[in-house]
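Trainee: Quick one: the structure is below, questions incoming.
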Amino acid sequence: MFCYCRRVPVPGGDPVASSTATPLRPVPAVPGRRTRLFALAEMRWAGAASVLFLVGLSAQLADTPAGVATALYLACYICGGWEPALAGVRALRDKTLDVDLLMVVAALGAAAIGQVFDGALLIVIFATSGAVEALATARTEDAVRGLLDLAPDTATVLDADGRERTVEAVELAIGERISIRPGERIAADGSVVGGSSEVDEATVTGESLPVDKSAGDQVFAGTLNGTGALRVRVDRLARDSVVARIAGLVEQAGRTKAKTQLFVERIEQRYSIGMVAATLAVFIVPLLFGATLQSSLLRAMTFMIVASPCAVVLATMPPLLAAIANAGRHGVLVKSAVVLEQLGTTTRVAFDKTGTLTRGVPELAEIRSVGSGFTEEQILRLAAAAEHHSEHPLATAIVRAARGRDLLLPVAEEFTSRPGRGVSARIEGSFIEIVSPAALPGPSERDAAWVGAVEELQTLGRTAVVVCCEQTPIAVLGISDQVRPEATAAVAAMAHLTGAAPVLLTGDNLATATATALAARVGITDVRAGLLPHDKVTVVRDLQADGQRVAMVGDGINDAPALAAAQTGIAMGGAGSDLALQTADVIVVRDDLTTIATVMALSRRARRVVIANLAIAAGFISVLVLWDLFGHLPLPLGVAGHEGSTIIVGLNGLRLLRSSVWRQACVHCSQ
């Protein structure tokens with residue numbers, strides 16, 4: 001394998017954060033520990049409640065004896081209601097009142113006056129939402145714990161006399177020297193003291209290409225060694241490694257992230273107290289003026305039914321869930337209704353670079369002959385033949401370019417791969433080398449052509465490698481990451497929708513020109529480069545402190561802290577790391593950046609439908625409550641009005657399922 005000329009400085013001894021790896025060398029998934037669907041008690045109880053409700057509904061529609069359906073509904077009450085009831089009682093001990101307890105009481109009240117179906121429906125809605133939230137929390141915790149498994153459990157320690165012994169990685173002490181064989185994962189953060197190799201650091205830094213390592217360079221736990229052997233001095237304990245710190249950042253951001261709720265949840269305390277107080281008043285006041293117990297109880301139960309927030313809940317959930325389903329059909333997975341609601345409030349978008357705005361796959365962008373008399377096709381043919389046996393991503397890019405031009409590659413003999421330098425082979429009698437510019441002897445005046453070509457390519461943000469024939473440079477190849485074809489349109493759509501230009505957060509150093517060149521190409525002017533994982537979190541926090549509601553788009557393990565810290569974390573699903581996918585609130589399954597702006601526009605439309613539904617629900621509730629308080633509202637009419645408003649707002653929300661809504665959102669964000 002050969003070295004590439006672009007080296008990213010590592011300030012302060014820490015890695016530079018960017019994104020995830022190229023698909024040619026994929027980011028390893030965070031090891032399993034995945035919570036199964038029904039491993040959680042909440043999910044099992046919600047599932048049982050849903051099944052009992054559906055069976056009870058079937059029994060009711062089938063005209064079975066009334067007691068059968070009622071018994072099934074009551075069993076649904078028990079399965080789905082005991083946890084919310086217990087949580088509500090605990091909240092009462094803390095002198096608070098929440099909607100969960102209120103819903104259980106309303107369900108019991110409905111059952112008391114014969115409306116068992118209405119109560120069971122309430123129970124199922126709340127039990128299911130609680131179970132989904134518990135599952136999402138458990139899956140995120142699984143991913144954070146699994147991140148620590150990226151580093152190997154054991155390490156090979158070199159004693160002073162040269163003997164080797166195997167120890168647990170957590171027992172490594174600062175100053176000890178460890179041996180890293182080809183293909184092994186590095187067990188600790190440290191410095192190279194001997195040997196040379198290329199190391200795939202994508203799991204930690206997000207760098208899309210392996211980085212050459214030799215004496216004096218830093219390496220990080222959990223990264224993958226290439227073809228060479230390394231001797232490394234341990235600089236950090238296992239608990240202080242970069243991988244452990246990333247996991248800590250994710251957990252900390254998750255704990256400190258402000259609790260976000262749906263609108264109806266934000267008013268639940270006042271509504272709950274008001275409804276309970278009003279129900280008691282409706283029951284007690286008529287008794288004080290001589291009304292019978294039965295009539296007072298009937299009026300109070302009617303009041304509780306018509307004032308029940310069923311329509312309010314359905315005013316909110318169907319539009320959001322319909323929008324989620326619509327987005328899912330078009331390749332965007334939104335994890336909850338809360339996420340969809342807050343997605344529409346985004347005012348600033350932050351992008352990661354590698355694997356997000358780019359594909360993380362290197363491609364041959366340019367061939368520059370340096371006065372050797374060779375044509376481009378001849379140069380590419382020789383270079384691809386020499387690289388044919390190499391597994392390096394840059395080699396793969398060169399070979400892929402040759403095949404794209406249908407070139408026949410000659411047989412390479414005497415192939416040699418030298419870590420830190422490049423590859424060489426004898427092709428058709430000529431000695432061909434593909435090397436890093438840094439591996440060549442100091443240039444003289446006659447080398448001005450290839451030196452100038454290298455400098456120009458580096459200015460453009462490309463990786464430069466030199467092709468030599470018989471130790472004489474004949475060409476310079478410029479290799480770059482593939483920018484996603486839709487990136488420019490996506491950036492423009494985000495800027496139009498939010499009213500603010502997106503910002504680029506990358507681990508690349510500005511001196512390499514890669515980040516600035518890419519930003520200019522896609523239309524981003526605000527570039528924050530050289531960022532460690534915690535630096536990305538700091539940038540997100542600073543934007544939030546300025547009043548911005550930030551959506552962070554990334555895909556790498558090192559993006560996870562920023563994804564957790566942002567109001568909305570958006571992960572690219574194609575090559576995204578498990579930790580990023582679990583931490584993110586939204587997953588772009590098909591890796592189409594333009595869908596992010598579309599789903600934001602869809603979220604804003606869903607919010608408008610929610611507001612309209614809330615107005616409809618509030619109007620119905622107000623009319624029915626006033627009728628019950630100041631007149632005589634027959635119970636059947638009250639139930640009909642309550643259910644009618646529920647159906648109206650539900651159907652209004654379900655309009656967002658139509659495919660035309662997605663197309664309209666797409667048009668809106670591009671105007």
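Ligands are numbered from 1 in the order shown, chains are lettered A, B, ... in the order of the structure tokens, and residues start at 1 in each chain.
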Env of range 394-396 of chain A: 10 Å cut, atoms = only C-alpha atoms, seq-sep filter 2 positions within chain, self excluded. Answer as number ranges by chain.
Mentor: A: 1-4, 24, 209-210, 361-364, 383-392, 398-402, 422-423, 434, 463, 465, 479-480
Trainee: Excluding same-chain residues fewer than 3 positions from Leu172 in chain A, what lies within 12 Å of it counting only C-alpha atoms, as a VMD selection string?
Mentor: chain A and resid 153 to 158 165 to 169 175 to 178 187 to 190 221 232 to 241
Trainee: Mind listing the alpha helix (DSSP H) residues of range 442-485 of chain A, per DSSP on the backbone, as a VMD selection string?
Mentor: chain A and resid 448 to 459
Trainee: Using the selection just defined, write its residues with all heavy atoms as a compact mmCIF listing (two decimals), in the first residue's frame.
Mentor:
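Output saved as selection.txt:
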```txt
# COMPACT_ATOMS: atom_id res chain seq x y z
N ALA A 448 10.74 20.74 -10.73
CA ALA A 448 9.75 21.80 -10.50
C ALA A 448 8.37 21.42 -11.05
O ALA A 448 7.33 21.79 -10.49
CB ALA A 448 10.22 23.10 -11.13
N ALA A 449 8.32 20.66 -12.15
CA ALA A 449 7.04 20.33 -12.78
C ALA A 449 6.17 19.49 -11.85
O ALA A 449 5.01 19.82 -11.59
CB ALA A 449 7.28 19.60 -14.10
N TRP A 450 6.74 18.38 -11.33
CA TRP A 450 5.90 17.53 -10.48
C TRP A 450 5.64 18.16 -9.12
O TRP A 450 4.57 17.97 -8.53
CB TRP A 450 6.48 16.12 -10.36
CG TRP A 450 7.72 15.95 -9.51
CD1 TRP A 450 9.00 15.87 -9.94
CD2 TRP A 450 7.77 15.81 -8.08
NE1 TRP A 450 9.86 15.70 -8.89
CE2 TRP A 450 9.13 15.64 -7.73
CE3 TRP A 450 6.82 15.79 -7.07
CZ2 TRP A 450 9.57 15.47 -6.42
CZ3 TRP A 450 7.23 15.62 -5.76
CH2 TRP A 450 8.59 15.47 -5.43
N VAL A 451 6.59 18.94 -8.61
CA VAL A 451 6.38 19.63 -7.33
C VAL A 451 5.25 20.65 -7.46
O VAL A 451 4.37 20.75 -6.60
CB VAL A 451 7.68 20.30 -6.86
CG1 VAL A 451 7.41 21.18 -5.63
CG2 VAL A 451 8.74 19.26 -6.53
N GLY A 452 5.26 21.40 -8.56
CA GLY A 452 4.19 22.38 -8.77
C GLY A 452 2.84 21.71 -8.92
O GLY A 452 1.82 22.20 -8.42
N ALA A 453 2.81 20.56 -9.63
CA ALA A 453 1.55 19.84 -9.79
C ALA A 453 1.02 19.35 -8.45
O ALA A 453 -0.19 19.42 -8.17
CB ALA A 453 1.74 18.66 -10.75
N VAL A 454 1.91 18.85 -7.59
CA VAL A 454 1.50 18.39 -6.26
C VAL A 454 0.91 19.54 -5.46
O VAL A 454 -0.15 19.41 -4.83
CB VAL A 454 2.70 17.75 -5.52
CG1 VAL A 454 2.37 17.56 -4.04
CG2 VAL A 454 3.07 16.43 -6.15
N GLU A 455 1.57 20.68 -5.48
CA GLU A 455 1.10 21.83 -4.71
C GLU A 455 -0.26 22.31 -5.20
O GLU A 455 -1.14 22.66 -4.41
CB GLU A 455 2.13 22.96 -4.78
CG GLU A 455 3.43 22.64 -4.04
CD GLU A 455 4.48 23.72 -4.21
OE1 GLU A 455 4.26 24.61 -5.08
OE2 GLU A 455 5.50 23.69 -3.50
N GLU A 456 -0.45 22.34 -6.53
CA GLU A 456 -1.74 22.78 -7.08
C GLU A 456 -2.86 21.83 -6.69
O GLU A 456 -3.97 22.27 -6.32
CB GLU A 456 -1.64 22.89 -8.60
CG GLU A 456 -0.78 24.05 -9.09
CD GLU A 456 -0.69 24.10 -10.60
OE1 GLU A 456 -1.52 23.42 -11.25
OE2 GLU A 456 0.18 24.81 -11.13
N LEU A 457 -2.59 20.53 -6.76
CA LEU A 457 -3.62 19.56 -6.39
C LEU A 457 -3.96 19.65 -4.90
O LEU A 457 -5.12 19.54 -4.51
CB LEU A 457 -3.15 18.15 -6.74
CG LEU A 457 -3.09 17.82 -8.24
CD1 LEU A 457 -2.41 16.48 -8.47
CD2 LEU A 457 -4.49 17.82 -8.85
N GLN A 458 -2.94 19.85 -4.06
CA GLN A 458 -3.21 19.98 -2.64
C GLN A 458 -4.01 21.24 -2.35
O GLN A 458 -4.87 21.26 -1.47
CB GLN A 458 -1.89 20.00 -1.87
CG GLN A 458 -1.17 18.65 -1.87
CD GLN A 458 0.18 18.71 -1.21
OE1 GLN A 458 0.78 19.79 -1.08
NE2 GLN A 458 0.69 17.56 -0.79
N THR A 459 -3.76 22.31 -3.09
CA THR A 459 -4.54 23.54 -2.93
C THR A 459 -6.01 23.31 -3.26
O THR A 459 -6.90 23.91 -2.65
CB THR A 459 -3.97 24.65 -3.83
OG1 THR A 459 -2.60 24.88 -3.49
CG2 THR A 459 -4.76 25.95 -3.66
```
Trainee: May I ask which of the residues A:Ala520, A:Val306, A:Leu320, A:Val312 is the closest one to Arg608 in chain A, counting only C-alpha atoms?
Mentor: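 Of all the options, A:Leu320 lies closest to Arg608 in chain A.
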Trainee: List the spatial neighbours of Leu505 in chain A as a list in words - criterion: any atom at most 9 Å away, only C-alpha atoms, same-chain residues fewer than 5 positions off excluded.
Mentor: Ala17, Ser18, Ala350, Phe351, Asp352, Lys353, Asp526, Val527, Arg528, Ala529, Gly530, Leu531, Lys536 and Val539 of chain A
Trainee: Write the residues you've just listed into a file as a compact mmCIF listing (two decimals), in the first residue's frame, and include all heavy atoms for each of them.
Mentor:
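Output contents, as saved in result_1.txt:
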```txt
# COMPACT_ATOMS: atom_id res chain seq x y z
N ALA A 17 -11.93 15.15 14.55
CA ALA A 17 -13.23 14.52 14.34
C ALA A 17 -13.75 14.86 12.97
O ALA A 17 -13.67 15.97 12.52
CB ALA A 17 -14.20 15.01 15.40
N SER A 18 -14.33 13.89 12.32
CA SER A 18 -15.00 14.15 11.05
C SER A 18 -16.18 13.27 10.91
O SER A 18 -17.17 13.46 11.53
CB SER A 18 -14.03 13.97 9.90
OG SER A 18 -14.65 14.18 8.68
N ALA A 350 -26.16 22.02 10.68
CA ALA A 350 -24.72 21.79 10.70
C ALA A 350 -24.43 20.46 10.02
O ALA A 350 -25.07 19.45 10.33
CB ALA A 350 -24.19 21.78 12.13
N PHE A 351 -23.48 20.46 9.09
CA PHE A 351 -23.12 19.26 8.34
C PHE A 351 -21.74 18.75 8.75
O PHE A 351 -20.81 19.54 8.93
CB PHE A 351 -23.07 19.54 6.84
CG PHE A 351 -24.40 19.62 6.17
CD1 PHE A 351 -24.96 20.85 5.85
CD2 PHE A 351 -25.10 18.48 5.84
CE1 PHE A 351 -26.18 20.93 5.21
CE2 PHE A 351 -26.33 18.55 5.20
CZ PHE A 351 -26.88 19.77 4.89
N ASP A 352 -21.63 17.44 8.86
CA ASP A 352 -20.32 16.79 8.85
C ASP A 352 -19.88 16.69 7.39
O ASP A 352 -20.68 16.90 6.48
CB ASP A 352 -20.45 15.40 9.50
CG ASP A 352 -19.22 14.56 9.28
OD1 ASP A 352 -18.13 15.04 9.62
OD2 ASP A 352 -19.34 13.44 8.76
N LYS A 353 -18.60 16.37 7.15
CA LYS A 353 -18.11 16.32 5.77
C LYS A 353 -18.06 14.90 5.22
O LYS A 353 -18.91 14.50 4.43
CB LYS A 353 -16.72 16.97 5.67
CG LYS A 353 -16.15 17.00 4.24
CD LYS A 353 -14.80 17.66 4.19
CE LYS A 353 -13.71 16.76 4.73
NZ LYS A 353 -13.44 15.57 3.87
N ASP A 526 -19.49 29.03 5.89
CA ASP A 526 -19.10 28.94 7.30
C ASP A 526 -18.48 27.57 7.55
O ASP A 526 -19.18 26.57 7.64
CB ASP A 526 -20.31 29.16 8.20
CG ASP A 526 -19.93 29.31 9.67
OD1 ASP A 526 -18.74 29.09 10.01
OD2 ASP A 526 -20.81 29.63 10.48
N VAL A 527 -17.15 27.51 7.64
CA VAL A 527 -16.44 26.25 7.82
C VAL A 527 -15.74 26.26 9.17
O VAL A 527 -14.94 27.15 9.46
CB VAL A 527 -15.40 26.02 6.69
CG1 VAL A 527 -14.67 24.70 6.90
CG2 VAL A 527 -16.08 26.05 5.33
N ARG A 528 -16.04 25.26 10.01
CA ARG A 528 -15.35 25.09 11.29
C ARG A 528 -14.52 23.81 11.18
O ARG A 528 -15.08 22.71 11.17
CB ARG A 528 -16.35 24.97 12.45
CG ARG A 528 -17.52 25.97 12.40
CD ARG A 528 -17.11 27.37 12.72
NE ARG A 528 -18.26 28.27 12.60
CZ ARG A 528 -19.07 28.58 13.60
NH1 ARG A 528 -18.87 28.04 14.81
NH2 ARG A 528 -20.06 29.43 13.42
N ALA A 529 -13.21 23.95 11.06
CA ALA A 529 -12.34 22.81 10.78
C ALA A 529 -11.46 22.48 11.98
O ALA A 529 -11.37 23.23 12.95
CB ALA A 529 -11.48 23.09 9.56
N GLY A 530 -10.80 21.31 11.90
CA GLY A 530 -9.90 20.87 12.97
C GLY A 530 -10.62 20.57 14.27
O GLY A 530 -10.06 20.77 15.35
N LEU A 531 -11.84 20.06 14.19
CA LEU A 531 -12.66 19.87 15.39
C LEU A 531 -12.55 18.45 15.93
O LEU A 531 -12.71 17.47 15.21
CB LEU A 531 -14.14 20.16 15.07
CG LEU A 531 -14.45 21.57 14.55
CD1 LEU A 531 -15.95 21.70 14.31
CD2 LEU A 531 -13.98 22.63 15.53
N LYS A 536 -17.02 19.70 18.33
CA LYS A 536 -18.28 19.76 17.58
C LYS A 536 -19.45 20.05 18.52
O LYS A 536 -20.35 20.83 18.20
CB LYS A 536 -18.52 18.46 16.81
CG LYS A 536 -17.58 18.24 15.64
CD LYS A 536 -17.99 17.03 14.83
CE LYS A 536 -17.10 16.86 13.61
NZ LYS A 536 -17.51 15.75 12.74
N VAL A 539 -19.40 23.72 19.38
CA VAL A 539 -19.95 24.56 18.31
C VAL A 539 -21.47 24.50 18.32
O VAL A 539 -22.15 25.53 18.20
CB VAL A 539 -19.41 24.12 16.93
CG1 VAL A 539 -20.12 24.87 15.81
CG2 VAL A 539 -17.90 24.36 16.85
```
Trainee: I'd like to know which of A:Val466, A:Ala487, A:Val625, A:Ala71 is closest to Thr279 in chain A, using only C-alpha atoms.
Mentor: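 Smallest distance to Thr279 in chain A is found for A:Val625.
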Trainee: Please identify all polymer residues within 12 Å of Asp447 in chain A, counting only C-alpha atoms, omitting same-chain residues fewer than 5 positions from it, and present them as a CSV table (one decimal) with all heavy atoms, in the first residue's frame.
Mentor:
```csv
chain,number,residue,atom,x,y,z
A,370,VAL,N,3.9,15.2,-16.3
A,370,VAL,CA,4.9,16.2,-16.0
A,370,VAL,C,6.1,16.2,-17.0
A,370,VAL,O,7.2,16.1,-16.7
A,370,VAL,CB,5.5,16.0,-14.6
A,370,VAL,CG1,4.4,16.4,-13.5
A,370,VAL,CG2,5.9,14.6,-14.3
A,371,GLY,N,5.6,16.3,-18.3
A,371,GLY,CA,6.6,16.4,-19.4
A,371,GLY,C,7.3,15.1,-19.7
A,371,GLY,O,8.5,15.2,-20.2
A,372,SER,N,6.7,14.0,-19.5
A,372,SER,CA,7.4,12.7,-19.7
A,372,SER,C,7.1,12.1,-21.1
A,372,SER,O,7.8,11.2,-21.5
A,372,SER,CB,6.9,11.7,-18.7
A,372,SER,OG,5.5,11.5,-18.8
A,437,PRO,N,4.5,12.0,-2.3
A,437,PRO,CA,5.5,13.0,-2.6
A,437,PRO,C,6.5,13.1,-1.5
A,437,PRO,O,7.7,13.4,-1.7
A,437,PRO,CB,4.7,14.3,-2.7
A,437,PRO,CG,3.4,13.9,-3.1
A,437,PRO,CD,3.1,12.6,-2.5
A,440,LEU,N,9.7,10.9,-1.8
A,440,LEU,CA,10.7,11.1,-2.8
A,440,LEU,C,11.8,11.9,-2.2
A,440,LEU,O,11.6,12.7,-1.2
A,440,LEU,CB,10.1,11.8,-4.0
A,440,LEU,CG,9.0,11.0,-4.8
A,440,LEU,CD1,8.4,11.9,-5.8
A,440,LEU,CD2,9.7,9.8,-5.4
A,441,PRO,N,13.0,11.8,-2.8
A,441,PRO,CA,14.1,12.7,-2.4
A,441,PRO,C,13.8,14.1,-2.5
A,441,PRO,O,12.9,14.5,-3.3
A,441,PRO,CB,15.3,12.2,-3.3
A,441,PRO,CG,14.9,10.9,-3.8
A,441,PRO,CD,13.4,10.9,-3.9
A,442,GLY,N,14.5,15.0,-1.8
A,442,GLY,CA,14.3,16.4,-1.9
A,442,GLY,C,14.4,16.9,-3.3
A,442,GLY,O,15.3,16.5,-4.1
A,452,GLY,N,5.3,21.4,-8.6
A,452,GLY,CA,4.2,22.4,-8.8
A,452,GLY,C,2.8,21.7,-8.9
A,452,GLY,O,1.8,22.2,-8.4
A,453,ALA,N,2.8,20.6,-9.6
A,453,ALA,CA,1.6,19.8,-9.8
A,453,ALA,C,1.0,19.3,-8.5
A,453,ALA,O,-0.2,19.4,-8.2
A,453,ALA,CB,1.7,18.7,-10.7
A,454,VAL,N,1.9,18.8,-7.6
A,454,VAL,CA,1.5,18.4,-6.3
A,454,VAL,C,0.9,19.5,-5.5
A,454,VAL,O,-0.2,19.4,-4.8
A,454,VAL,CB,2.7,17.8,-5.5
A,454,VAL,CG1,2.4,17.6,-4.0
A,454,VAL,CG2,3.1,16.4,-6.1
A,466,VAL,N,2.5,10.4,-6.7
A,466,VAL,CA,3.4,10.6,-7.8
A,466,VAL,C,3.7,9.2,-8.5
A,466,VAL,O,4.0,8.2,-7.8
A,466,VAL,CB,4.8,11.2,-7.4
A,466,VAL,CG1,5.7,11.4,-8.6
A,466,VAL,CG2,4.5,12.5,-6.7
A,472,THR,N,12.0,8.1,-12.2
A,472,THR,CA,11.8,9.4,-12.7
A,472,THR,C,10.3,9.7,-12.6
A,472,THR,O,9.5,9.0,-13.2
A,472,THR,CB,12.3,9.6,-14.1
A,472,THR,OG1,13.7,9.3,-14.1
A,472,THR,CG2,12.1,11.0,-14.6
A,473,PRO,N,9.9,10.8,-12.0
A,473,PRO,CA,8.4,11.2,-11.9
A,473,PRO,C,7.9,11.4,-13.4
A,473,PRO,O,8.5,12.2,-14.1
A,473,PRO,CB,8.4,12.4,-11.1
A,473,PRO,CG,9.6,12.4,-10.2
A,473,PRO,CD,10.7,11.7,-11.1
A,474,ILE,N,6.8,10.8,-13.7
A,474,ILE,CA,6.2,11.0,-15.0
A,474,ILE,C,4.8,11.6,-14.9
A,474,ILE,O,4.3,12.1,-15.9
A,474,ILE,CB,6.1,9.7,-15.8
A,474,ILE,CG1,5.3,8.6,-15.1
A,474,ILE,CG2,7.5,9.1,-16.1
A,474,ILE,CD1,5.0,7.4,-15.9
A,475,ALA,N,4.2,11.5,-13.8
A,475,ALA,CA,2.9,12.1,-13.6
A,475,ALA,C,2.5,12.2,-12.1
A,475,ALA,O,3.1,11.6,-11.3
A,475,ALA,CB,1.8,11.2,-14.3
A,476,VAL,N,1.5,13.1,-11.9
A,476,VAL,CA,0.9,13.3,-10.6
A,476,VAL,C,-0.6,13.0,-10.7
A,476,VAL,O,-1.2,13.6,-11.5
A,476,VAL,CB,1.2,14.7,-10.0
A,476,VAL,CG1,0.6,14.8,-8.6
A,476,VAL,CG2,2.7,15.0,-9.9
```
Trainee: Within 7 Å of range 323-336 of chain A, which residues of range 599-619 of chain A show up? Give each one with its shortest atom-to-atom distance in Å (one decimal) and the two atoms involved, counting only C-alpha atoms, rows by chain then rising residue number, as a tab-separated table.
Mentor:
```
residue	atom	partner	partner_atom	distance
A:Val599	CA	A:Ala327	CA	6.4
A:Leu602	CA	A:Ala323	CA	6.8
A:Ala606	CA	A:Ala323	CA	6.7
```
Trainee: Residues at most 12 Å from Ala229 in chain A, counting only C-alpha atoms, excluding those fewer than 5 positions away in the same chain, as a list in words?
Mentor: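 Residues near the query, excluding close chain neighbours: Ile178, Ser179, Ile180, Arg181, Pro182, Gly183, Glu184, Arg185, Ile186, Val192, Val193, Gly194, Gly195, Ser196, Ser197, Glu198, Val199, Asp212, Lys213, Ser214, Ala215, Leu224, Arg418, Pro419 and Gly420 of chain A.
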Trainee: Would you list the contacts of Arg549 in chain A as a list in words, taking every protein, DNA or RNA residue within 8 Å and counting only C-alpha atoms, but skipping same-chain residues closer than 6 positions in sequence?
Mentor: Thr345, Thr346, Thr347, Arg348, Leu543, Ala566 and Gln567 of chain A
Trainee: Can I get the selected residues back with N, CA, C and O atoms, as a PDB file, in the first residue's frame?
Mentor:
```
ATOM      1  N   THR A 345     -38.934  23.218  13.601  1.00  0.00           N
ATOM      2  CA  THR A 345     -38.514  24.475  14.212  1.00  0.00           C
ATOM      3  C   THR A 345     -37.038  24.777  13.964  1.00  0.00           C
ATOM      4  O   THR A 345     -36.517  25.772  14.470  1.00  0.00           O
ATOM      5  N   THR A 346     -36.353  23.927  13.193  1.00  0.00           N
ATOM      6  CA  THR A 346     -34.920  24.101  12.944  1.00  0.00           C
ATOM      7  C   THR A 346     -34.633  25.443  12.281  1.00  0.00           C
ATOM      8  O   THR A 346     -35.288  25.825  11.314  1.00  0.00           O
ATOM      9  N   THR A 347     -33.627  26.149  12.807  1.00  0.00           N
ATOM     10  CA  THR A 347     -33.227  27.422  12.212  1.00  0.00           C
ATOM     11  C   THR A 347     -31.796  27.406  11.682  1.00  0.00           C
ATOM     12  O   THR A 347     -31.379  28.340  11.011  1.00  0.00           O
ATOM     13  N   ARG A 348     -31.034  26.349  11.991  1.00  0.00           N
ATOM     14  CA  ARG A 348     -29.653  26.254  11.491  1.00  0.00           C
ATOM     15  C   ARG A 348     -29.280  24.782  11.346  1.00  0.00           C
ATOM     16  O   ARG A 348     -29.575  23.977  12.225  1.00  0.00           O
ATOM     17  N   LEU A 543     -24.014  27.684  18.976  1.00  0.00           N
ATOM     18  CA  LEU A 543     -25.113  28.079  18.083  1.00  0.00           C
ATOM     19  C   LEU A 543     -26.432  28.126  18.842  1.00  0.00           C
ATOM     20  O   LEU A 543     -27.256  29.030  18.642  1.00  0.00           O
ATOM     21  N   ALA A 566     -27.466  18.309  19.629  1.00  0.00           N
ATOM     22  CA  ALA A 566     -28.333  19.154  18.802  1.00  0.00           C
ATOM     23  C   ALA A 566     -29.803  18.913  19.129  1.00  0.00           C
ATOM     24  O   ALA A 566     -30.172  17.874  19.664  1.00  0.00           O
ATOM     25  N   GLN A 567     -30.633  19.911  18.806  1.00  0.00           N
ATOM     26  CA  GLN A 567     -32.073  19.707  18.992  1.00  0.00           C
ATOM     27  C   GLN A 567     -32.547  18.505  18.194  1.00  0.00           C
ATOM     28  O   GLN A 567     -33.358  17.720  18.666  1.00  0.00           O
TER      29      GLN A 567
END
```
